[in-house]
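> Starting off with a structure, shown below.
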Amino acid sequence: MRTLQTWLFGLLCAVSAAVYNPQIYKLDALGIGWDVVVVVALHGALAMLFGRIPGVRWAYFTLMNLAGCATTYFYTVFGVTVNYDSVAWLFETNSMEVNSFLTWRLSLLMGVSFLLGLIQASLSKRVLGDVPLKRYAAVFGVALLAVAGLYKGSWAFFKYMDWQPTYEAISLSRVSPISIPKAIRMYIHEEGESEKLLDLPNPADAPSQLVVAEDERPTVVFIIGESAQAAHFGINGYERQTTPRLAAMPNLLNYGVCRSFGNTTRVSLIGMLTDARIKERKPQHASFINLFNKHGYETYFISRQNKLGRSGHLTDALISCSKHVKYVKGRDIELVRHMNEAIGDTSGNLVLLHMVGSHFSYKHQYTDQYRKFVPDDYVNEELSKYHQNVINAYDNSILKTDDMIASVIDALRDKNAVVFYTSDHGDSLGKRGVFLHGTTVEQEQYEVPFLLWYSDAFKAARPQTVAHMQAAVGTPVTHDFIYHTLVGLAGIRSDVLDASLDLSGTMQSGVAEVAQPEAAAAVQ
Ligand SMILES: [Zn+2]
């Protein structure tokens with residue numbers, strides 16, 4: 001009986017190691033064979049360690065199985081791997097996002113893996129529970145040394161042979177379940193880093209001037225898109241017309257494909273709202289919103305998304321300097337109503353609208369009026385089989401975004417206003433089997449649209465600014481331009497701004513209109 005239980009325990013450990021590390025099956029036969037041995041040995045060592053400790057064994061085996069099952073599921077279904085962003089998602093998600101991913105198959109798999117965890121814990125108690133400590137320590141010590149030797153030796157050998165995929169597949173940040181605590185540690189580190197955003201120097205403390213008359217301060221709207229890939233916008237040459245309203249929009253400037261700061265919302269938002277640059281990564285100053293406040297703008301942040309960071313501190317650090325902060329439910333299009341209610345007939349506003357846009361699951365992000373590309377139904381577990389339907393649903397979500405941006409423009413058409421739109425990052429739609437964003441480096445996850453619209457009244461008040469914006473079309477743009485261009489559009493010059501990243505030209509002396517000297521001198 002005891003022997004049978006020992007064999008069964010060993011077998012389950014080996015099977016869970018092999019099943020919960022799906023990344024190794026992309027290798028060639030030799031790589032798979034070798035890496036299976038390595039991950040089985042690592043799982044065995046962990047099972048021996050935690051299976052001997054009363055209480056801990058139950059937590060270890062159930063959590064290991066649940067995490068492993070989720071790892072395998074998301075890798076197989078979406079092609080994504082565990083990293084700190086997955087952990088962040090787990091800690092900070094809301095019910096809407098969970099519903100997009102939770103299918104009956106995933107629920108069933110999680111249930112089965114939980115049961116497997118209980119069985120493994122029970123077996124470990126019978127197999128290891130009453131082994132005398134001395135004997136256990138001796139056997140475990142030898143086993144641990146052997147596993148460490150095997151792991152280090154394999155790694156060094158693969159590295160020496162330059163078999164990159166083979167050693168990457170067993171890097172500790174990839175091997176389940178070790179990848180989980182590593183991702184959690186990374187998440188805690190990143191959380192600590194993002195808290196430093198609160199201590200960034202305020203750009204309003206540096207010298208700055210308003211170079212337009214106070215009553216000519218425009219309304220500046222910044223629409224922060226979500227998961228919108230530049231190549232799926234009709235106005236960027238996509239074979240489907242997914243942006244019919246924008247295509248027919250007068251005064252719209254399309255800067256083409258923009259390089260995003262990151263490929264996750266949390267990383268890109270830092271790049272979009274502070275002056276952090278893609279190369280240097282570190283922000284030098286807090287949000288541009290501070291400069292708008294300083295020069296008398298009413299500032300609004302209206303969001304359909306949830307806050308980022310444990311207890312929301314990351315989003316707060318970036319946008320809480322807005323005079324008005326509002327989180328709303330409903331559909332993206334309702335952001336337009338909230339914007340209208342907020343600004344009324346006034347000008348001199350900065351409005352940030354944070355959309356849900358084209359976040360997975362795409363088919364849940366739009367209503368029937370945008371169901372132009374059909375069929376658009378799919379099941380998460382068979383995205384490759386329903387590949388065209390996934391693309392149809394994604395394109396419908398872009399149609400919705402097109403309507404949303406055009407509706408914002410319509411609401412501001414008769415005002416002195418500018419509207420700026422870009423997305424936080426793109427999304428992968430099945431090329432090389434990868435979906436979603438954030439865990440692998442795929443080009444399309446970094447390519448987003450970049451659009452500017454100006455009203456006739458804005459053009460009448462600032463003809464040179466509009467001429468500069470028009471002349472700048474064709475400039476290769478990145479998220480680095482956002483900070484400097486938005487402030488420039490508001491008619492603000494500041495020592496913290498970089499003229500080479502300001503598409504409005506306001507920072508270039510002689511280009512921007514200095515309307516009235518007394519207005520320019522009003523705020524120092
Ligand atoms: Zn995002």
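Each chain in the structure tokens gets a letter, A, B, ..., in the order shown, and its residues are numbered from 1; ligands are numbered from 1 in order too.
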Would you list the residues that come within 6 Å of ligand 1? Count only C-alpha atoms and all ligand atoms and give the answer as a count of residues only.
6
> Could you name the residues that touch segment 20-32 of chain A at 9 Å or less, counting only C-alpha atoms, but leaving out those on the same chain fewer than 4 positions away, as an MDAnalysis selection string?
chainID A and resid 15:16 36:37 39 65 67:73 75:76 81 163 165:167 169:170 174:177
> Mind listing the strand (DSSP E or B) residues of segment 204-440 of chain A, per DSSP on the backbone, as JSON, numbers by chain?
{"A": [208, 209, 210, 219, 220, 221, 222, 223, 224, 225, 252, 253, 254, 258, 259, 298, 299, 300, 301, 302, 303, 324, 325, 326, 327, 349, 350, 351, 352, 353, 354, 417, 418, 419, 420, 421, 422, 423, 428, 429, 435, 436]}
> Find, counting only C-alpha atoms, the residue in A:Ser494, A:Ser407, A:Ser100, A:Ser428 that gets nearest to Lys363 of chain A.
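The shortest atom-to-atom distance to Lys363 of chain A comes from A:Ser100.
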> Do you have the atom CA of Phe261 of chain A-atom CA of His324 of chain A distance handy?
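Atom CA of His324 of chain A lies at a distance of 25.9 Å from atom CA of Phe261 of chain A.
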> Please identify all polymer residues within 9 Å of Ile405 of chain A, counting only C-alpha atoms, omitting same-chain residues fewer than 6 positions from it, and present them as a ChimeraX atom specification.
/A:223,245-246,333,336,419,421
> Take the residues that were just selected and, keeping C-alpha atoms, output them as a compact mmCIF listing (two decimals), in the first residue's frame.

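Below is the file part-v7.txt, written as the result:
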```
# COMPACT_ATOMS: atom_id res chain seq x y z
CA ILE A 223 -9.09 60.48 -25.17
CA ARG A 245 -16.73 58.64 -39.24
CA LEU A 246 -13.12 59.70 -38.72
CA ILE A 333 -20.08 56.49 -25.42
CA VAL A 336 -19.30 61.97 -24.01
CA VAL A 419 -9.26 66.58 -29.37
CA TYR A 421 -6.63 60.45 -29.28
```
